[in-house]
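Novice: Below is final.csv; it holds CSV, C-alpha atoms and all ligand atoms.
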```csv
chain,number,residue,atom,x,y,z
A,1,MET,CA,73.7,114.6,184.7
A,2,SER,CA,74.5,117.7,186.8
A,3,SER,CA,77.8,118.2,188.7
A,4,ARG,CA,75.7,118.2,191.9
A,5,ILE,CA,74.6,114.7,191.3
A,6,ALA,CA,78.1,113.6,190.3
A,7,ARG,CA,79.5,115.1,193.5
A,8,ALA,CA,76.7,113.4,195.6
A,9,TYR,CA,77.5,110.0,194.0
A,10,ALA,CA,81.2,110.4,194.7
A,11,THR,CA,80.6,111.5,198.3
A,12,PHE,CA,78.5,108.4,198.8
A,13,ALA,CA,80.8,105.9,197.0
A,14,PHE,CA,84.0,107.1,198.9
A,15,GLY,CA,82.2,107.9,202.2
A,16,PRO,CA,79.5,105.5,203.5
A,17,GLY,CA,80.1,103.3,200.5
A,18,ALA,CA,83.8,102.9,201.2
A,19,ALA,CA,83.5,99.2,202.2
A,20,ILE,CA,81.9,98.4,198.8
A,21,TYR,CA,84.6,100.3,197.0
A,22,ALA,CA,87.4,98.6,199.0
A,23,PHE,CA,85.9,95.2,198.2
A,24,LEU,CA,85.6,95.9,194.5
A,25,VAL,CA,89.2,97.0,194.0
A,26,ASP,CA,90.7,94.2,196.2
A,27,HIS,CA,92.0,92.1,193.3
A,28,ASP,CA,95.2,91.5,191.3
A,29,ALA,CA,94.2,93.4,188.1
A,30,TRP,CA,93.9,96.6,190.2
A,31,ARG,CA,97.0,95.9,192.3
A,32,ARG,CA,99.2,95.2,189.3
A,33,ASP,CA,98.9,98.7,188.0
A,34,VAL,CA,99.1,100.2,191.4
A,35,ARG,CA,102.5,98.5,191.8
A,36,ALA,CA,103.6,99.7,188.4
A,37,MET,CA,102.6,103.3,189.4
A,38,ALA,CA,104.6,103.0,192.7
A,39,ARG,CA,107.7,102.0,190.8
A,40,LEU,CA,107.6,105.2,188.7
A,41,VAL,CA,108.4,107.5,191.7
A,42,SER,CA,111.5,107.5,193.9
A,43,GLY,CA,112.6,108.9,197.2
A,44,GLN,CA,111.4,108.5,200.8
A,45,ARG,CA,108.7,111.1,201.4
A,46,VAL,CA,106.1,110.1,198.8
A,47,LEU,CA,102.5,111.4,199.1
A,48,ASP,CA,99.6,109.2,197.9
A,49,LEU,CA,96.9,111.6,196.9
A,50,GLY,CA,93.4,110.2,197.4
A,51,ILE,CA,94.7,107.1,199.2
A,52,GLY,CA,91.3,105.4,199.4
A,53,PRO,CA,91.4,102.1,201.2
A,54,GLY,CA,95.2,102.0,201.1
A,55,ALA,CA,96.4,99.6,198.4
A,56,SER,CA,98.3,102.3,196.5
A,57,ALA,CA,100.2,103.5,199.6
A,58,LEU,CA,101.0,100.0,200.6
A,59,ALA,CA,102.4,99.4,197.1
A,60,LEU,CA,104.6,102.5,197.6
A,61,ALA,CA,106.0,101.0,200.8
A,62,ALA,CA,106.5,97.6,199.2
A,63,ALA,CA,108.4,99.1,196.2
A,64,ASP,CA,111.1,100.6,198.5
A,65,PRO,CA,111.5,99.5,202.1
A,66,ALA,CA,113.3,102.8,202.9
A,67,ARG,CA,110.2,104.8,201.7
A,68,ARG,CA,108.0,106.6,204.1
A,69,PRO,CA,104.6,107.0,202.3
A,70,ILE,CA,102.0,109.5,203.5
A,71,GLY,CA,98.4,109.0,202.6
A,72,LEU,CA,95.9,111.9,202.0
A,73,ASP,CA,92.2,111.7,201.5
A,74,ARG,CA,89.2,113.8,202.4
A,75,SER,CA,87.1,110.8,203.4
A,76,ARG,CA,87.2,109.8,207.0
A,77,GLN,CA,85.9,106.3,206.1
A,78,MET,CA,88.6,105.8,203.6
A,79,LEU,CA,91.3,107.0,206.0
A,80,ARG,CA,90.0,104.5,208.6
A,81,ARG,CA,90.3,101.7,206.0
A,82,ALA,CA,93.8,102.8,205.0
A,83,ALA,CA,94.9,102.8,208.7
A,84,ALA,CA,93.5,99.3,209.2
A,85,ALA,CA,95.2,98.0,206.0
A,86,ALA,CA,98.6,99.6,207.1
A,87,ALA,CA,98.3,98.1,210.6
A,88,ALA,CA,97.6,94.6,209.1
A,89,ALA,CA,100.6,95.0,206.8
A,90,ARG,CA,102.7,96.4,209.6
A,91,VAL,CA,103.5,99.5,207.6
A,92,ARG,CA,104.0,102.9,209.2
A,93,LEU,CA,101.6,105.1,207.3
A,94,PRO,CA,100.9,108.7,208.4
A,95,LEU,CA,97.5,109.8,207.2
A,96,VAL,CA,96.3,113.3,206.5
A,97,ARG,CA,92.6,114.3,206.1
A,98,ALA,CA,92.6,117.2,203.7
A,99,ASP,CA,91.4,118.3,200.3
A,100,ALA,CA,93.7,117.7,197.3
A,101,GLY,CA,93.1,121.3,196.3
A,102,ALA,CA,94.6,122.7,199.6
A,103,LEU,CA,97.6,120.6,200.6
A,104,PRO,CA,98.7,121.2,204.2
A,105,LEU,CA,102.4,120.7,203.2
A,106,ARG,CA,105.3,123.0,203.2
A,107,PRO,CA,107.0,123.8,199.9
A,108,GLY,CA,109.5,121.2,198.8
A,109,ALA,CA,108.4,118.7,201.5
A,110,LEU,CA,107.9,115.7,199.2
A,111,ASP,CA,110.3,113.6,197.1
A,112,GLY,CA,107.4,112.3,195.0
A,113,ALA,CA,103.7,111.8,194.7
A,114,THR,CA,101.2,109.3,193.3
A,115,GLY,CA,97.5,109.4,192.6
A,116,HIS,CA,95.3,106.5,191.5
A,117,SER,CA,91.9,107.5,190.3
A,118,VAL,CA,91.8,110.9,192.0
A,119,LEU,CA,92.5,113.7,189.5
A,120,TYR,CA,89.4,112.8,187.5
A,121,LEU,CA,87.3,113.5,190.6
A,122,LEU,CA,88.6,116.9,191.3
A,123,PRO,CA,86.7,120.0,190.3
A,124,ASP,CA,89.9,121.7,189.3
A,125,PRO,CA,92.7,119.1,188.7
A,126,ALA,CA,95.0,121.8,187.1
A,127,ALA,CA,94.9,123.8,190.3
A,128,ALA,CA,95.5,120.7,192.4
A,129,LEU,CA,98.6,119.8,190.3
A,130,VAL,CA,100.0,123.3,190.7
A,131,GLU,CA,99.6,122.9,194.5
A,132,LEU,CA,101.2,119.5,194.4
A,133,ARG,CA,104.1,120.8,192.3
A,134,ALA,CA,104.9,123.4,195.0
A,135,ALA,CA,105.0,120.6,197.7
A,136,LEU,CA,107.6,118.7,195.7
A,137,ARG,CA,111.3,119.2,195.8
A,138,PRO,CA,113.0,120.0,192.5
A,139,GLY,CA,113.5,116.7,190.6
A,140,GLY,CA,110.6,115.1,192.5
A,141,ARG,CA,108.5,112.9,190.3
A,142,VAL,CA,104.7,112.3,190.2
A,143,ALA,CA,102.8,109.3,188.8
A,144,PHE,CA,99.0,109.1,188.1
A,145,LEU,CA,96.7,106.5,186.9
A,146,GLU,CA,93.3,107.8,185.7
A,147,PRO,CA,90.4,106.6,183.7
A,148,ARG,CA,91.0,106.8,179.9
A,149,ALA,CA,88.8,108.5,177.3
A,150,GLY,CA,87.5,106.4,174.4
A,151,PRO,CA,85.3,103.4,173.9
A,152,LEU,CA,84.9,100.7,176.5
A,153,PRO,CA,87.4,98.0,175.6
A,154,ALA,CA,85.4,94.7,176.4
A,155,ARG,CA,88.7,92.9,177.2
A,156,ALA,CA,89.1,95.2,180.2
A,157,LEU,CA,86.1,93.4,181.9
A,158,ARG,CA,87.7,90.0,181.8
A,159,GLY,CA,89.0,88.4,184.9
A,160,GLY,CA,85.8,87.6,186.9
A,161,VAL,CA,82.8,89.3,188.4
A,162,ARG,CA,84.7,91.5,190.8
A,163,VAL,CA,87.1,92.9,188.2
A,164,ALA,CA,84.1,93.6,185.8
A,165,ALA,CA,82.2,95.3,188.6
A,166,ALA,CA,85.2,97.4,189.6
A,167,MET,CA,85.8,98.5,186.0
A,168,LEU,CA,82.1,99.3,185.5
A,169,LEU,CA,82.0,101.4,188.6
A,170,TRP,CA,85.1,103.3,187.4
A,171,ARG,CA,83.5,103.7,184.0
A,172,GLY,CA,80.2,105.1,185.5
A,173,MET,CA,82.0,107.4,187.9
A,174,SER,CA,84.4,108.7,185.2
A,175,ARG,CA,81.4,109.3,182.9
A,176,LEU,CA,80.0,111.7,185.5
A,177,HIS,CA,83.3,113.4,186.2
A,178,ARG,CA,86.1,113.2,183.6
A,179,ARG,CA,88.3,110.9,181.5
A,180,PHE,CA,91.7,111.6,180.0
A,181,THR,CA,93.5,110.9,176.8
A,182,GLU,CA,97.2,110.3,176.9
A,183,ALA,CA,97.8,113.7,175.3
A,184,GLY,CA,95.3,115.5,177.6
A,185,LEU,CA,96.8,114.1,180.8
A,186,ALA,CA,100.4,114.9,179.7
A,187,ALA,CA,99.3,118.4,178.7
A,188,LEU,CA,97.6,119.0,182.1
A,189,LEU,CA,100.9,118.1,183.8
A,190,ASP,CA,102.9,120.4,181.4
A,191,ALA,CA,100.5,123.3,182.1
A,192,ALA,CA,100.9,122.8,185.9
A,193,GLY,CA,104.6,123.4,185.5
A,194,PHE,CA,105.9,119.8,185.4
A,195,ARG,CA,108.5,118.7,182.8
A,196,ALA,CA,109.1,115.5,180.8
A,197,ALA,CA,105.4,114.5,181.1
A,198,ARG,CA,104.5,111.3,179.3
A,199,ALA,CA,101.4,109.1,179.4
A,200,TRP,CA,100.4,105.7,178.1
A,201,PRO,CA,97.4,103.3,178.2
A,202,VAL,CA,97.2,100.7,181.0
A,203,LEU,CA,94.5,98.4,182.5
A,204,ARG,CA,93.9,96.9,179.0
A,205,GLY,CA,93.1,100.3,177.6
A,206,PHE,CA,90.7,101.3,180.5
A,207,GLY,CA,93.2,103.5,182.2
A,208,VAL,CA,96.0,106.0,181.4
A,209,MET,CA,99.2,106.2,183.4
A,210,ALA,CA,101.3,109.4,183.4
A,211,THR,CA,104.5,110.5,184.9
A,212,ALA,CA,106.3,113.9,185.1
A,213,GLU,CA,109.0,115.7,187.1
A,214,ARG,CA,109.1,119.0,189.0
A,215,PRO,CA,111.8,121.2,187.3
A,301,LIG,C1,88.5,106.2,193.3
A,301,LIG,S1,89.2,106.4,194.9
A,301,LIG,C2,90.8,105.9,194.6
A,301,LIG,C3,91.4,105.3,195.9
A,301,LIG,C4,92.8,104.7,195.7
A,301,LIG,N1,93.8,105.6,195.3
A,301,LIG,C5,92.7,103.4,194.9
A,301,LIG,O1,93.5,103.3,194.0
A,301,LIG,O2,91.9,102.6,195.1
A,301,LIG,C6,89.4,108.2,195.0
A,301,LIG,C7,89.7,108.7,196.4
A,301,LIG,O3,90.0,110.1,196.3
A,301,LIG,C8,89.4,110.7,197.4
A,301,LIG,N2,89.1,112.1,197.0
A,301,LIG,C9,88.2,112.5,196.1
A,301,LIG,N3,88.2,113.9,196.0
A,301,LIG,C10,89.1,114.3,196.8
A,301,LIG,C11,89.6,115.6,197.2
A,301,LIG,N4,89.2,116.7,196.7
A,301,LIG,N5,90.6,115.6,198.1
A,301,LIG,C12,91.1,114.5,198.7
A,301,LIG,N6,90.7,113.3,198.4
A,301,LIG,C13,89.7,113.2,197.5
A,301,LIG,C14,88.1,109.9,197.7
A,301,LIG,O4,87.7,110.1,199.0
A,301,LIG,C15,88.6,108.5,197.4
A,301,LIG,O5,89.1,107.8,198.5
```
Could you quickly redo this structure as C-alpha cells?

Specialist:
Amino acid sequence: MSSRIARAYATFAFGPGAAIYAFLVDHDAWRRDVRAMARLVSGQRVLDLGIGPGASALALAAADPARRPIGLDRSRQMLRRAAAAAAAARVRLPLVRADAGALPLRPGALDGATGHSVLYLLPDPAAALVELRAALRPGGRVAFLEPRAGPLPARALRGGVRVAAAMLLWRGMSRLHRRFTEAGLAALLDAAGFRAARAWPVLRGFGVMATAERP
C-alpha cells in the first residue's frame, strides 16, 4: 500500500473519523496503559504529543494535581474533542494545533513529554524526537507508547468487542505506517540525543512503552 493511501487513511481516521476513534479507545484497557505512561514523566509543564481525544492528557493531570499538561495535535476535530473532555473533567488544558515535526515551543520550555500512538504515524519520527528534545529542559523525561512489531498476540483482543475493534484498528493503521521493537524504539530515542532509553512490551504484547531522558 502506498504512503499516499496510508496518509489519507490517517487523515480520515483522526479528522472526520475522530468520533469513531474516540469511541473505540474509550475503555479501561486503553486507559490503564495511558495512566502508566503518565506516571513515567514528572514535572509541571508536560506536553502530550498527538493528544487525540484527550485521555492521555487527562491521565497526565490525574497523575499529579500540580501538573499543567499541554495538548498538541494537528487535527482540529481531535483538539475539539480534547477540549470537551477537559471541560467535562474540569481540567485546565491549553491546546496547540501544530505539527509534531515543527513544535512551536521555545528551547527548554518543557519538563516532560508523552506520546501515545503518535510516533508511528510521523513521516520522520527521528526528526520529531530531535525537535522534542530541544523543547525539553535538561533532565526532562519522555514516555511513548507505540504499536509493537511482531505477530498479533490473540490475547490482546480479549476484553470485549470495543477492545478488539480498537486493537484491530491500531493493528491495521500500524501496518500501513510503522511498528517498533523494544530495541528499535530505544535506539530511535538514543539517536535523537536522549539518554537512558529503555523499552518494554505493554498492552498484552500489542504495544511497546519507552522512556528516556534529555541529558
Ligand atoms: C492514534 S491517535 C492517538 C491519540 C491519543 N494520544 C490516544 O492515545 O488516544 C494519533 C493522534 O496523533 C495526531 N497526529 C498524527 N500525525 C501528527 C502530526 N504530524 N503532528 C501532530 N499530530 C499528529 C492525530 O491527529 C491523532 O489525534

Novice: What residues have any atom no more than 6 Å from ligand LIG 301 (chain A) when counting only C-alpha atoms and all ligand atoms, and can you list them as an MDAnalysis selection string?

Specialist: chainID A and resid 14 50:52 56 73:75 78 98:100 115:118 121:122

Novice: So, counting all atoms listed in the file, which residue among A:Leu95, A:Leu152, A:Leu157, A:Val46 is closest to Ala113 in chain A?

Specialist: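 Answer, going by the shortest atom-to-atom distance: A:Val46.
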
Novice: Nearest to Arg133 in chain A: which of A:Arg81, A:Leu168, A:Ala183, A:Ala191 is it, counting all atoms listed in the file?

Specialist: A:Ala191

Novice: Mind giving me the straight-line distance from CA of Phe144 in chain A to CA of Ala210 in chain A in Å, one decimal?

Specialist: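 CA of Ala210 in chain A lies 5.2 Å from CA of Phe144 in chain A.
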
Novice: Could you list, as a ChimeraX atom specification, every residue within 7 Å of Ala192 in chain A, counting only C-alpha atoms and ignoring same-chain residues fewer than 4 positions away?

Specialist: /A:126,129-130,188

Novice: I'd like the contact shell of Glu182 in chain A - 7 Å cut-off, only C-alpha atoms, skipping same-chain residues fewer than 4 positions apart - returned as a ChimeraX atom specification.

Specialist: /A:186,199-200,208

Novice: So how far away is CA of Met37 in chain A from CA of Phe23 in chain A, in Å?

Specialist: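 Answer for the CA of Phe23 in chain A to CA of Met37 in chain A separation: 20.5 Å.
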
Novice: Select, from A:Val142, A:Ala85, A:Ala196, A:Ala22, the residue with the minimum atom-to-atom distance to Asp48 in chain A, counting all atoms listed in the file.

Specialist: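 Ranking A:Val142, A:Ala85, A:Ala196, A:Ala22 by distance to Asp48 in chain A, first place goes to A:Val142.
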
Novice: Using all atoms listed in the file, which of the listed residues (A:Ala55, A:Ala18, A:Leu105, A:Val41) sits closest to Arg80 in chain A?

Specialist: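 Selected residue with least distance to Arg80 in chain A: A:Ala18.
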
Novice: Can you tell me how far CA of Tyr21 in chain A sits from CA of Leu169 in chain A, in Å to one decimal?

Specialist: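 If I compute the distance from CA of Tyr21 in chain A to CA of Leu169 in chain A, I get 8.9 Å.
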
Novice: Kindly indicate which residue among A:Gly15, A:Leu58, A:Tyr120, A:Gly159 lies nearest to Arg35 in chain A, using all atoms listed in the file for the distances.

Specialist: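 For Arg35 in chain A, the nearest of the given residues is A:Leu58.
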
Novice: Skipping near chain neighbours, those fewer than 3 positions away, what residues fall within 12 Å of His177 in chain A using only C-alpha atoms, listed as a PDB file with C-alpha atoms, keeping the file's coordinate frame?

Specialist:
```pdb
ATOM      1  CA  MET A   1      73.700 114.600 184.700  1.00  0.00           C
ATOM      2  CA  SER A   2      74.500 117.700 186.800  1.00  0.00           C
ATOM      3  CA  SER A   3      77.800 118.200 188.700  1.00  0.00           C
ATOM      4  CA  ARG A   4      75.700 118.200 191.900  1.00  0.00           C
ATOM      5  CA  ILE A   5      74.600 114.700 191.300  1.00  0.00           C
ATOM      6  CA  ALA A   6      78.100 113.600 190.300  1.00  0.00           C
ATOM      7  CA  ARG A   7      79.500 115.100 193.500  1.00  0.00           C
ATOM      8  CA  ALA A   8      76.700 113.400 195.600  1.00  0.00           C
ATOM      9  CA  TYR A   9      77.500 110.000 194.000  1.00  0.00           C
ATOM     10  CA  ALA A  10      81.200 110.400 194.700  1.00  0.00           C
ATOM     11  CA  SER A 117      91.900 107.500 190.300  1.00  0.00           C
ATOM     12  CA  VAL A 118      91.800 110.900 192.000  1.00  0.00           C
ATOM     13  CA  LEU A 119      92.500 113.700 189.500  1.00  0.00           C
ATOM     14  CA  TYR A 120      89.400 112.800 187.500  1.00  0.00           C
ATOM     15  CA  LEU A 121      87.300 113.500 190.600  1.00  0.00           C
ATOM     16  CA  LEU A 122      88.600 116.900 191.300  1.00  0.00           C
ATOM     17  CA  PRO A 123      86.700 120.000 190.300  1.00  0.00           C
ATOM     18  CA  ASP A 124      89.900 121.700 189.300  1.00  0.00           C
ATOM     19  CA  PRO A 125      92.700 119.100 188.700  1.00  0.00           C
ATOM     20  CA  GLU A 146      93.300 107.800 185.700  1.00  0.00           C
ATOM     21  CA  PRO A 147      90.400 106.600 183.700  1.00  0.00           C
ATOM     22  CA  ARG A 148      91.000 106.800 179.900  1.00  0.00           C
ATOM     23  CA  ALA A 149      88.800 108.500 177.300  1.00  0.00           C
ATOM     24  CA  TRP A 170      85.100 103.300 187.400  1.00  0.00           C
ATOM     25  CA  ARG A 171      83.500 103.700 184.000  1.00  0.00           C
ATOM     26  CA  GLY A 172      80.200 105.100 185.500  1.00  0.00           C
ATOM     27  CA  MET A 173      82.000 107.400 187.900  1.00  0.00           C
ATOM     28  CA  SER A 174      84.400 108.700 185.200  1.00  0.00           C
ATOM     29  CA  PHE A 180      91.700 111.600 180.000  1.00  0.00           C
TER      30      PHE A 180
END
```

Novice: Neighbouring residues of Arg204 in chain A were defined as those with any atom within 8 Å, considering all atoms listed in the file; residues of the same chain fewer than 4 positions away were excluded. Please report them as a count of residues only.

Specialist: 3

Novice: Considering only C-alpha atoms, can you say which of A:Pro104, A:Gly71, A:Pro138, A:Gly160 comes closest to Phe194 in chain A?

Specialist: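 Among A:Pro104, A:Gly71, A:Pro138, A:Gly160, it is A:Pro138 that comes nearest to Phe194 in chain A.
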
Novice: Let me have the centre and edge lengths of the axis-aligned box enclosing all listed atoms of range 85-88 of chain A with 8 Å padding on every side, in Å to one decimal, as AutoDock Vina command-line options.

Specialist:
```
--center_x 96.9 --center_y 97.1 --center_z 208.3 --size_x 19.4 --size_y 21.0 --size_z 20.6
```
